[in-house]
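Here's data.cif, which has mmCIF, C-alpha atoms:
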```cif
data_coords
#
loop_
_atom_site.label_atom_id
_atom_site.label_comp_id
_atom_site.auth_asym_id
_atom_site.auth_seq_id
_atom_site.Cartn_x
_atom_site.Cartn_y
_atom_site.Cartn_z
CA MET A 31 40.92 -3.06 -17.16
CA LEU A 32 40.63 -1.85 -13.58
CA LYS A 33 39.33 -4.70 -11.43
CA TYR A 34 37.14 -4.31 -8.40
CA PRO A 35 38.64 -5.37 -5.06
CA LYS A 36 38.43 -9.17 -4.58
CA PRO A 37 35.48 -9.23 -2.12
CA LEU A 38 33.41 -7.14 -4.53
CA GLU A 39 34.40 -9.29 -7.54
CA ASP A 40 33.28 -12.38 -5.62
CA LEU A 41 29.92 -10.85 -4.78
CA ILE A 42 29.44 -9.69 -8.39
CA GLU A 43 29.99 -13.27 -9.50
CA ASP A 44 27.40 -14.53 -7.01
CA PHE A 45 24.82 -12.08 -8.33
CA THR A 46 25.44 -13.10 -11.95
CA LYS A 47 24.38 -16.64 -11.03
CA LEU A 48 20.81 -15.39 -10.50
CA PRO A 49 18.42 -15.74 -13.45
CA SER A 50 18.64 -12.91 -16.04
CA VAL A 51 21.24 -10.96 -14.06
CA GLY A 52 24.10 -9.85 -16.32
CA LYS A 53 27.49 -8.42 -15.39
CA LYS A 54 26.25 -4.79 -15.38
CA SER A 55 23.32 -5.45 -13.05
CA ALA A 56 25.48 -7.60 -10.79
CA GLU A 57 27.96 -4.73 -10.50
CA ARG A 58 25.17 -2.33 -9.57
CA PHE A 59 23.82 -4.76 -6.96
CA ALA A 60 27.24 -5.38 -5.38
CA LEU A 61 28.12 -1.67 -5.30
CA TYR A 62 24.70 -0.99 -3.80
CA VAL A 63 25.36 -3.50 -1.04
CA TYR A 64 28.68 -1.81 -0.27
CA THR A 65 27.61 1.82 -0.51
CA LYS A 66 23.95 1.87 0.50
CA LEU A 67 22.84 -1.26 2.35
CA SER A 68 23.24 -0.92 6.12
CA GLN A 69 25.41 -3.34 8.08
CA GLU A 70 22.24 -4.70 9.70
CA SER A 71 20.42 -5.26 6.40
CA THR A 72 23.46 -6.97 4.91
CA GLU A 73 23.73 -9.30 7.90
CA GLY A 74 20.02 -10.08 7.53
CA PHE A 75 20.47 -10.74 3.82
CA ALA A 76 23.34 -13.19 4.47
CA LYS A 77 21.38 -14.91 7.23
CA HIS A 78 18.23 -15.25 5.10
CA LEU A 79 20.22 -16.86 2.28
CA MET A 80 21.31 -19.60 4.67
CA ASP A 81 17.86 -19.82 6.30
CA VAL A 82 16.25 -20.55 2.96
CA LYS A 83 18.61 -23.47 2.45
CA GLN A 84 18.31 -24.75 6.00
CA ASN A 85 14.73 -24.15 7.06
CA ILE A 86 12.67 -24.71 3.95
CA ARG A 87 11.73 -28.24 2.99
CA LEU A 88 9.53 -29.84 0.39
CA CYS A 89 6.10 -31.11 1.40
CA LYS A 90 6.35 -34.91 1.60
CA ASN A 91 3.14 -35.24 -0.40
CA CYS A 92 3.12 -32.69 -3.16
CA GLY A 93 6.60 -31.17 -3.38
CA ASN A 94 5.46 -27.64 -2.46
CA ILE A 95 7.79 -25.63 -0.23
CA CYS A 96 7.00 -25.39 3.47
CA GLU A 97 8.57 -25.23 6.89
CA ASP A 98 6.95 -28.44 8.21
CA GLU A 99 6.59 -31.97 6.87
CA GLU A 100 3.40 -31.14 5.03
CA CYS A 101 2.42 -27.91 3.30
CA SER A 102 -0.60 -25.84 4.32
CA ILE A 103 -2.54 -26.94 1.22
CA CYS A 104 -2.09 -30.66 1.85
CA LYS A 105 -2.93 -30.12 5.53
CA ASP A 106 -6.19 -28.36 4.65
CA ALA A 107 -8.99 -30.93 5.15
CA SER A 108 -11.53 -28.65 3.46
CA ARG A 109 -9.84 -29.08 0.10
CA ASN A 110 -10.64 -31.83 -2.40
CA HIS A 111 -7.86 -34.38 -1.95
CA LYS A 112 -9.15 -36.47 -4.85
CA GLN A 113 -8.33 -33.83 -7.44
CA ILE A 114 -4.64 -33.26 -8.19
CA LEU A 115 -3.27 -30.47 -10.32
CA VAL A 116 0.19 -31.25 -11.72
CA VAL A 117 2.55 -28.30 -12.28
CA GLU A 118 6.17 -27.99 -13.32
CA THR A 119 7.35 -25.56 -10.66
CA ILE A 120 6.54 -24.19 -7.23
CA LYS A 121 6.10 -20.82 -8.89
CA ASP A 122 3.33 -22.30 -11.09
CA LEU A 123 1.61 -23.66 -7.98
CA TYR A 124 1.63 -20.19 -6.41
CA THR A 125 0.39 -18.61 -9.65
CA ILE A 126 -2.65 -20.89 -9.85
CA GLU A 127 -3.30 -20.84 -6.10
CA ASN A 128 -3.40 -17.08 -6.04
CA VAL A 129 -6.24 -17.00 -8.57
CA ASN A 130 -8.27 -18.32 -5.63
CA GLU A 131 -10.44 -20.68 -7.64
CA TYR A 132 -8.93 -24.14 -7.47
CA GLN A 133 -10.03 -26.26 -4.51
CA GLY A 134 -8.10 -29.47 -5.07
CA ILE A 135 -4.50 -30.20 -4.15
CA TYR A 136 -1.24 -30.04 -6.14
CA HIS A 137 1.71 -32.04 -7.30
CA VAL A 138 4.95 -30.26 -8.22
CA LEU A 139 7.14 -32.10 -10.76
CA ASN A 140 10.11 -29.81 -10.22
CA GLY A 141 10.76 -29.37 -13.94
CA ALA A 142 9.83 -31.01 -17.21
CA ILE A 143 11.33 -33.69 -19.42
CA SER A 144 13.89 -32.08 -21.72
CA PHE A 145 16.07 -34.02 -24.11
CA SER A 146 18.16 -30.99 -24.95
CA LYS A 147 18.87 -30.21 -21.28
CA GLY A 148 19.27 -33.88 -20.39
CA ILE A 149 16.40 -33.86 -17.91
CA GLY A 150 14.79 -37.28 -17.76
CA ILE A 151 11.92 -38.75 -15.75
CA HIS A 152 14.17 -39.73 -12.87
CA ASP A 153 15.18 -36.11 -12.36
CA LEU A 154 11.54 -35.25 -11.81
CA ASN A 155 9.07 -35.87 -9.01
CA ILE A 156 6.96 -38.28 -11.12
CA GLU A 157 7.20 -41.60 -9.32
CA SER A 158 5.49 -40.32 -6.19
CA LEU A 159 2.58 -39.17 -8.37
CA ILE A 160 2.18 -42.68 -9.78
CA GLU A 161 2.36 -44.12 -6.25
CA LEU A 162 -0.35 -41.69 -5.19
CA VAL A 163 -2.63 -42.83 -7.99
CA LYS A 164 -1.93 -46.50 -7.24
CA LYS A 165 -2.70 -46.24 -3.54
CA ASN A 166 -5.64 -43.85 -3.54
CA GLN A 167 -9.05 -43.62 -5.08
CA LEU A 168 -8.54 -40.34 -6.93
CA ASP A 169 -11.04 -38.56 -9.17
CA GLU A 170 -8.96 -36.41 -11.47
CA ILE A 171 -5.43 -35.52 -12.47
CA ILE A 172 -5.21 -32.12 -14.17
CA LEU A 173 -2.04 -31.77 -16.22
CA ALA A 174 -1.01 -28.11 -16.03
CA THR A 175 2.50 -28.36 -17.42
CA ASN A 176 3.54 -25.58 -19.81
CA ALA A 177 2.44 -25.45 -23.45
CA THR A 178 6.04 -25.96 -24.53
CA LEU A 179 7.72 -28.95 -26.15
CA GLU A 180 9.00 -30.00 -22.72
CA GLY A 181 5.66 -29.45 -21.00
CA GLU A 182 3.75 -31.37 -23.67
CA THR A 183 6.22 -34.26 -23.61
CA THR A 184 5.92 -34.46 -19.84
CA ALA A 185 2.11 -34.32 -19.94
CA ARG A 186 1.96 -37.11 -22.53
CA TYR A 187 4.39 -39.22 -20.63
CA ILE A 188 2.37 -38.97 -17.41
CA LYS A 189 -0.85 -39.71 -19.30
CA GLU A 190 0.74 -42.89 -20.68
CA LEU A 191 2.04 -44.00 -17.30
CA LEU A 192 -1.43 -43.64 -15.83
CA SER A 193 -3.36 -45.17 -18.72
CA ASP A 194 -4.02 -48.42 -16.82
CA TYR A 195 -5.64 -46.70 -13.87
CA PRO A 196 -9.32 -45.78 -13.74
CA ILE A 197 -8.77 -42.07 -13.30
CA LYS A 198 -9.90 -39.04 -15.29
CA ILE A 199 -6.92 -37.25 -16.79
CA THR A 200 -7.39 -33.71 -18.11
CA ARG A 201 -5.14 -31.06 -19.61
CA ILE A 202 -5.63 -27.33 -19.00
CA ALA A 203 -6.88 -25.44 -22.04
CA HIS A 204 -4.54 -23.52 -24.30
CA GLY A 205 -5.78 -20.81 -26.58
CA LEU A 206 -6.00 -17.07 -27.00
CA PRO A 207 -5.36 -15.17 -23.79
CA VAL A 208 -8.41 -13.27 -22.54
CA GLY A 209 -8.18 -9.68 -23.76
CA GLY A 210 -5.61 -10.70 -26.35
CA GLU A 211 -6.05 -9.73 -29.97
CA MET A 212 -6.11 -12.43 -32.63
CA SER A 213 -3.58 -10.62 -34.80
CA TYR A 214 -0.98 -10.65 -32.04
CA ALA A 215 -1.26 -14.37 -31.32
CA ASP A 216 1.50 -16.71 -32.50
CA GLU A 217 0.77 -19.61 -34.83
CA MET A 218 0.93 -22.34 -32.18
CA THR A 219 -1.49 -20.51 -29.92
CA LEU A 220 -3.92 -20.05 -32.82
CA LEU A 221 -3.68 -23.75 -33.70
CA LYS A 222 -4.33 -24.69 -30.08
CA ALA A 223 -7.24 -22.24 -29.93
CA MET A 224 -8.79 -23.80 -33.05
CA GLU A 225 -8.22 -27.33 -31.81
CA GLY A 226 -9.79 -26.55 -28.46
CA ARG A 227 -12.89 -24.80 -29.86
CA ARG A 228 -16.21 -25.55 -28.21
CA GLU A 229 -19.86 -25.27 -29.26
CA TYR A 230 -21.15 -21.75 -28.71
CA MET B 179 -3.18 -15.04 -1.13
CA LEU B 180 -0.90 -17.98 -0.49
CA LYS B 181 2.24 -16.72 1.24
CA TYR B 182 5.69 -18.15 0.82
CA PRO B 183 7.26 -19.74 3.91
CA LYS B 184 8.79 -17.11 6.20
CA PRO B 185 12.48 -17.69 5.29
CA LEU B 186 11.65 -17.23 1.60
CA GLU B 187 9.53 -14.13 2.26
CA ASP B 188 12.47 -12.62 4.16
CA LEU B 189 14.88 -13.31 1.32
CA ILE B 190 12.42 -11.92 -1.25
CA GLU B 191 12.31 -8.70 0.77
CA ASP B 192 16.11 -8.52 0.82
CA PHE B 193 16.28 -8.85 -2.95
CA THR B 194 13.67 -6.11 -3.49
CA LYS B 195 16.01 -3.69 -1.71
CA LEU B 196 18.46 -3.94 -4.64
CA PRO B 197 18.17 -1.26 -7.35
CA SER B 198 15.47 -1.94 -10.00
CA VAL B 199 14.49 -5.28 -8.51
CA GLY B 200 10.71 -5.62 -8.20
CA LYS B 201 8.62 -8.20 -6.35
CA LYS B 202 8.46 -10.60 -9.32
CA SER B 203 12.22 -10.65 -9.93
CA ALA B 204 12.90 -10.97 -6.21
CA GLU B 205 10.59 -14.01 -6.09
CA ARG B 206 12.46 -15.60 -8.99
CA PHE B 207 15.82 -14.91 -7.35
CA ALA B 208 14.77 -16.35 -3.99
CA LEU B 209 13.18 -19.45 -5.54
CA TYR B 210 16.31 -19.89 -7.63
CA VAL B 211 18.46 -19.81 -4.50
CA TYR B 212 16.26 -22.46 -2.91
CA THR B 213 15.80 -24.76 -5.90
CA LYS B 214 18.95 -24.36 -7.98
CA LEU B 215 21.83 -22.80 -6.07
CA SER B 216 24.06 -25.38 -4.37
CA GLN B 217 24.58 -25.34 -0.61
CA GLU B 218 28.21 -24.38 -1.26
CA SER B 219 27.38 -21.49 -3.60
CA THR B 220 24.78 -20.18 -1.16
CA GLU B 221 27.28 -20.26 1.70
CA GLY B 222 29.75 -18.42 -0.53
CA PHE B 223 27.12 -15.83 -1.43
CA ALA B 224 26.29 -15.19 2.25
CA LYS B 225 29.99 -14.97 3.14
CA HIS B 226 30.76 -12.56 0.29
CA LEU B 227 27.96 -10.23 1.35
CA MET B 228 29.60 -9.90 4.75
CA ASP B 229 33.12 -9.72 3.25
CA VAL B 230 32.14 -6.74 1.13
CA LYS B 231 31.02 -4.90 4.25
CA GLN B 232 34.02 -5.95 6.34
CA ASN B 233 36.98 -6.02 3.99
CA ILE B 234 36.42 -3.18 1.58
CA ARG B 235 37.40 0.31 2.59
CA LEU B 236 37.58 3.69 0.93
CA CYS B 237 40.92 5.02 -0.25
CA LYS B 238 42.00 7.71 2.24
CA ASN B 239 42.88 10.04 -0.63
CA CYS B 240 40.27 9.73 -3.32
CA GLY B 241 37.35 7.74 -1.92
CA ASN B 242 37.72 4.86 -4.38
CA ILE B 243 37.13 1.36 -3.02
CA CYS B 244 40.12 -0.80 -2.11
CA GLU B 245 41.36 -3.38 0.34
CA ASP B 246 44.24 -1.29 1.70
CA GLU B 247 44.59 2.27 2.94
CA GLU B 248 45.24 3.64 -0.52
CA CYS B 249 43.79 2.51 -3.84
CA SER B 250 45.91 1.18 -6.70
CA ILE B 251 45.40 4.38 -8.72
CA CYS B 252 46.61 6.70 -5.94
CA LYS B 253 49.54 4.35 -5.28
CA ASP B 254 50.63 4.46 -8.92
CA ALA B 255 53.57 6.90 -9.13
CA SER B 256 53.46 6.87 -12.94
CA ARG B 257 50.13 8.71 -12.96
CA ASN B 258 49.77 12.48 -12.96
CA HIS B 259 48.95 13.37 -9.36
CA LYS B 260 48.41 17.00 -10.27
CA GLN B 261 45.34 16.34 -12.36
CA ILE B 262 42.19 15.30 -10.48
CA LEU B 263 38.99 14.07 -12.08
CA VAL B 264 35.96 14.51 -9.84
CA VAL B 265 33.15 11.95 -10.20
CA GLU B 266 29.92 11.32 -8.34
CA THR B 267 30.26 7.59 -7.82
CA ILE B 268 32.76 4.75 -7.71
CA LYS B 269 30.97 3.29 -10.72
CA ASP B 270 31.73 6.50 -12.68
CA LEU B 271 35.39 6.16 -11.73
CA TYR B 272 35.47 2.61 -13.11
CA THR B 273 33.63 3.67 -16.26
CA ILE B 274 36.18 6.37 -17.08
CA GLU B 275 39.17 4.30 -15.95
CA ASN B 276 38.19 1.44 -18.23
CA VAL B 277 38.31 3.68 -21.29
CA ASN B 278 42.08 3.51 -20.66
CA GLU B 279 42.82 7.09 -21.61
CA TYR B 280 42.93 9.17 -18.47
CA GLN B 281 46.31 9.33 -16.73
CA GLY B 282 45.55 11.55 -13.74
CA ILE B 283 43.98 10.57 -10.43
CA TYR B 284 40.39 10.72 -9.15
CA HIS B 285 38.19 12.10 -6.44
CA VAL B 286 34.88 10.37 -5.66
CA LEU B 287 32.21 12.64 -4.18
CA ASN B 288 29.93 9.77 -3.24
CA GLY B 289 26.80 11.42 -4.64
CA ALA B 290 25.66 14.87 -5.71
CA ILE B 291 23.92 17.79 -4.05
CA SER B 292 20.18 17.20 -4.19
CA PHE B 293 17.63 19.46 -2.57
CA SER B 294 14.79 17.06 -3.29
CA LYS B 295 16.60 14.12 -1.71
CA GLY B 296 17.99 16.25 1.10
CA ILE B 297 21.60 15.58 0.18
CA GLY B 298 23.77 18.55 1.17
CA ILE B 299 27.47 19.28 0.91
CA HIS B 300 28.23 17.70 4.26
CA ASP B 301 26.87 14.37 3.03
CA LEU B 302 29.45 14.42 0.26
CA ASN B 303 33.19 13.93 0.11
CA ILE B 304 33.83 17.58 -0.83
CA GLU B 305 35.86 18.97 2.08
CA SER B 306 38.78 16.64 1.47
CA LEU B 307 38.92 17.88 -2.13
CA ILE B 308 39.22 21.47 -0.94
CA GLU B 309 41.93 20.44 1.53
CA LEU B 310 43.78 18.73 -1.30
CA VAL B 311 43.71 21.90 -3.39
CA LYS B 312 44.79 24.03 -0.44
CA LYS B 313 47.75 21.86 0.45
CA ASN B 314 49.07 20.88 -2.97
CA GLN B 315 50.24 22.56 -6.09
CA LEU B 316 47.67 21.02 -8.45
CA ASP B 317 47.32 21.68 -12.17
CA GLU B 318 43.72 20.85 -12.99
CA ILE B 319 40.42 19.76 -11.51
CA ILE B 320 38.13 18.12 -14.09
CA LEU B 321 34.51 18.17 -12.98
CA ALA B 322 32.88 15.02 -14.35
CA THR B 323 29.65 15.05 -12.38
CA ASN B 324 26.53 14.06 -14.33
CA ALA B 325 24.73 16.40 -16.72
CA THR B 326 21.72 16.44 -14.38
CA LEU B 327 20.37 19.18 -12.16
CA GLU B 328 22.18 17.58 -9.21
CA GLY B 329 25.41 17.08 -11.10
CA GLU B 330 25.42 20.66 -12.43
CA THR B 331 24.64 22.11 -9.00
CA THR B 332 27.48 20.13 -7.49
CA ALA B 333 29.93 21.14 -10.23
CA ARG B 334 29.04 24.83 -9.83
CA TYR B 335 29.33 24.64 -6.08
CA ILE B 336 32.81 23.11 -6.26
CA LYS B 337 33.89 25.69 -8.84
CA GLU B 338 32.79 28.46 -6.48
CA LEU B 339 34.55 26.94 -3.48
CA LEU B 340 37.79 26.78 -5.46
CA SER B 341 37.52 30.19 -7.13
CA ASP B 342 40.20 31.72 -4.86
CA TYR B 343 42.82 29.13 -5.71
CA PRO B 344 45.11 29.39 -8.73
CA ILE B 345 43.96 26.17 -10.33
CA LYS B 346 42.48 25.34 -13.72
CA ILE B 347 38.94 24.02 -13.37
CA THR B 348 37.35 22.27 -16.35
CA ARG B 349 34.05 20.52 -16.99
CA ILE B 350 33.74 17.47 -19.25
CA ALA B 351 31.91 18.19 -22.51
CA HIS B 352 28.23 17.47 -22.97
CA GLY B 353 26.69 17.11 -26.39
CA LEU B 354 25.45 14.61 -28.92
CA PRO B 355 26.70 11.10 -28.24
CA VAL B 356 29.03 9.77 -30.93
CA GLY B 357 26.99 7.74 -33.41
CA GLY B 358 23.80 9.32 -32.12
CA GLU B 359 21.32 10.89 -34.51
CA MET B 360 20.29 14.49 -34.08
CA SER B 361 16.60 13.71 -34.31
CA TYR B 362 16.79 11.36 -31.32
CA ALA B 363 18.53 13.81 -29.04
CA ASP B 364 16.57 15.51 -26.28
CA GLU B 365 16.30 19.27 -26.02
CA MET B 366 18.80 19.69 -23.19
CA THR B 367 21.44 17.66 -25.00
CA LEU B 368 20.93 19.74 -28.14
CA LEU B 369 21.24 22.97 -26.17
CA LYS B 370 24.44 21.71 -24.56
CA ALA B 371 25.74 20.62 -27.94
CA MET B 372 25.10 24.10 -29.40
CA GLU B 373 26.57 25.85 -26.36
CA GLY B 374 29.71 23.75 -26.54
CA ARG B 375 30.30 24.15 -30.27
CA ARG B 376 33.87 24.70 -31.43
CA GLU B 377 35.50 26.14 -34.52
CA TYR B 378 35.71 23.53 -37.23
#
```

Is it possible to give me this structure as structure tokens?
Amino acid sequence: MLKYPKPLEDLIEDFTKLPSVGKKSAERFALYVYTKLSQESTEGFAKHLMDVKQNIRLCKNCGNICEDEECSICKDASRNHKQILVVETIKDLYTIENVNEYQGIYHVLNGAISFSKGIGIHDLNIESLIELVKKNQLDEIILATNATLEGETTARYIKELLSDYPIKITRIAHGLPVGGEMSYADEMTLLKAMEGRREY
Amino acid sequence: MLKYPKPLEDLIEDFTKLPSVGKKSAERFALYVYTKLSQESTEGFAKHLMDVKQNIRLCKNCGNICEDEECSICKDASRNHKQILVVETIKDLYTIENVNEYQGIYHVLNGAISFSKGIGIHDLNIESLIELVKKNQLDEIILATNATLEGETTARYIKELLSDYPIKITRIAHGLPVGGEMSYADEMTLLKAMEGRREY
């Protein structure tokens, strides 16, 4: 087996660490960097990798990413600070935010409880959410964790932790996706859709 | 539209420059770097990007990548230096080399003639191949450019350039892939397979 020169092998290994990047793609990426990417672009790429680690921080309130102490959403006085939408990841926050409908603020858990992966409550950003509820007069906590075993476990756990506080706790609806055909839906989605049915 | 913090946006843009990486994948990669990749791994990644640009060079003979002046294949005295296999890319060289059958040496063109992309002969590593033929008593040039319009054009062009030299010029066979079913083959492959038929 002919091996690539050491610097290229190293870079290939770095690329394979990225989600869903296999050996073949990593090879293509590394060869692309060597053969096609300009010196300037490569320097920028290397610099931006470090910048992301050094200059991005988590919002002290909600756990969203930002460059300051507080993120732009938490800073925005026009938003409803008494309504908190709880998501697993930053990506989920961006997904919901970009629908341009929600006017409250967020709380990012940074994952979900997973027994199989050994992720417990102390690995997640849950305590600060409880503190928030304790110290403030909030209206609603919307649990928008995923409809997976981990997401459901996490949602239930948070609901239990907050059961003593006079706050409305809701869970986002799960059911058939809009435009989706019944026959293509999986069993769990159909069950959830039936469970969540409303008067018509 | 909620935008990511500047350092993350920059890194997302870098990732989209890689082949077949769209906006969504680039976002996942960049968020992964921020949330999951250790400080140490990120520093390594940045360093390796620069290393690839600084410490890899092209073999002075064949155009393969290496860390020295000459690649390990050209240095290998046990190989047949009178048989040269011409490929479009370094990746093609590795693909053939890793079949572990070929015992000659290589010549990497670094692309193929493409009128649509404006890639002419002077953008390719062709002249050094001609020089090689002029100066040495070679036995065979195997043209292993792709079976595409560009690859065929390039192969024909090289054949023409070398027509005055007493050297055997061959083209790798194109036809039905082994294990492939006839009914799945495209028209061009079938034509090539018919054209290249041999007595049985």

### Query
Which distance in Å separates atom CA of Glu279 of chain B and atom CA of Ala351 of chain B, to one decimal?
15.6 Å

### Task
Kindly provide, as a ChimeraX atom specification, the residues of chain B having any atom no farther than 8 Å from an atom of chain A, counting all atoms listed in the file.
/B:179-180,182-183,185-186,188-189,192,196-197,206-207,209-212,217,219-231,233-234,243-245,269,272,275-276,278

### Close residues, Met372 of chain B itself excluded, 12 Å, only C-alpha atoms, min 3 positions apart in chain, as JSON, numbers by chain
{"B": [351, 352, 353, 354, 360, 365, 366, 367, 368, 369, 375, 376, 377]}

### Query
Which residues fall under the PyMOL selection byres ((chain B and resi 259) around 12) in this file, as a PyMOL selection string?
chain B and resi 239-240+251-258+260-263+280-285+310-311+314-319

### Query
How many Å lie between atom CA of Leu327 of chain B and atom CA of Leu236 of chain B, rounded to one decimal?
26.6 Å

Neighbours of Ile304 of chain B within 12 Å (only C-alpha atoms; same-chain residues fewer than 2 positions away dropped), as an mmCIF file with C-alpha atoms, keeping the file's coordinate frame?
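Below is the file that was written, around35.cif:
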```cif
data_model
loop_
_atom_site.group_PDB
_atom_site.id
_atom_site.type_symbol
_atom_site.label_atom_id
_atom_site.label_comp_id
_atom_site.auth_asym_id
_atom_site.auth_seq_id
_atom_site.Cartn_x
_atom_site.Cartn_y
_atom_site.Cartn_z
ATOM 1 C CA ASN B 239 42.880 10.040 -0.630
ATOM 2 C CA CYS B 240 40.270 9.730 -3.320
ATOM 3 C CA GLY B 241 37.350 7.740 -1.920
ATOM 4 C CA VAL B 264 35.960 14.510 -9.840
ATOM 5 C CA VAL B 265 33.150 11.950 -10.200
ATOM 6 C CA GLU B 266 29.920 11.320 -8.340
ATOM 7 C CA HIS B 285 38.190 12.100 -6.440
ATOM 8 C CA VAL B 286 34.880 10.370 -5.660
ATOM 9 C CA LEU B 287 32.210 12.640 -4.180
ATOM 10 C CA ASN B 288 29.930 9.770 -3.240
ATOM 11 C CA GLY B 289 26.800 11.420 -4.640
ATOM 12 C CA ALA B 290 25.660 14.870 -5.710
ATOM 13 C CA ILE B 291 23.920 17.790 -4.050
ATOM 14 C CA GLY B 298 23.770 18.550 1.170
ATOM 15 C CA ILE B 299 27.470 19.280 0.910
ATOM 16 C CA HIS B 300 28.230 17.700 4.260
ATOM 17 C CA ASP B 301 26.870 14.370 3.030
ATOM 18 C CA LEU B 302 29.450 14.420 0.260
ATOM 19 C CA SER B 306 38.780 16.640 1.470
ATOM 20 C CA LEU B 307 38.920 17.880 -2.130
ATOM 21 C CA ILE B 308 39.220 21.470 -0.940
ATOM 22 C CA GLU B 309 41.930 20.440 1.530
ATOM 23 C CA LEU B 310 43.780 18.730 -1.300
ATOM 24 C CA VAL B 311 43.710 21.900 -3.390
ATOM 25 C CA THR B 332 27.480 20.130 -7.490
ATOM 26 C CA ALA B 333 29.930 21.140 -10.230
ATOM 27 C CA TYR B 335 29.330 24.640 -6.080
ATOM 28 C CA ILE B 336 32.810 23.110 -6.260
ATOM 29 C CA LYS B 337 33.890 25.690 -8.840
ATOM 30 C CA LEU B 339 34.550 26.940 -3.480
ATOM 31 C CA LEU B 340 37.790 26.780 -5.460
#
```

#### Entry: Best match for closeness to Ile350 of chain B among B:Asn324, B:Thr194, B:Thr331, B:Asn242, counting only C-alpha atoms
B:Asn324
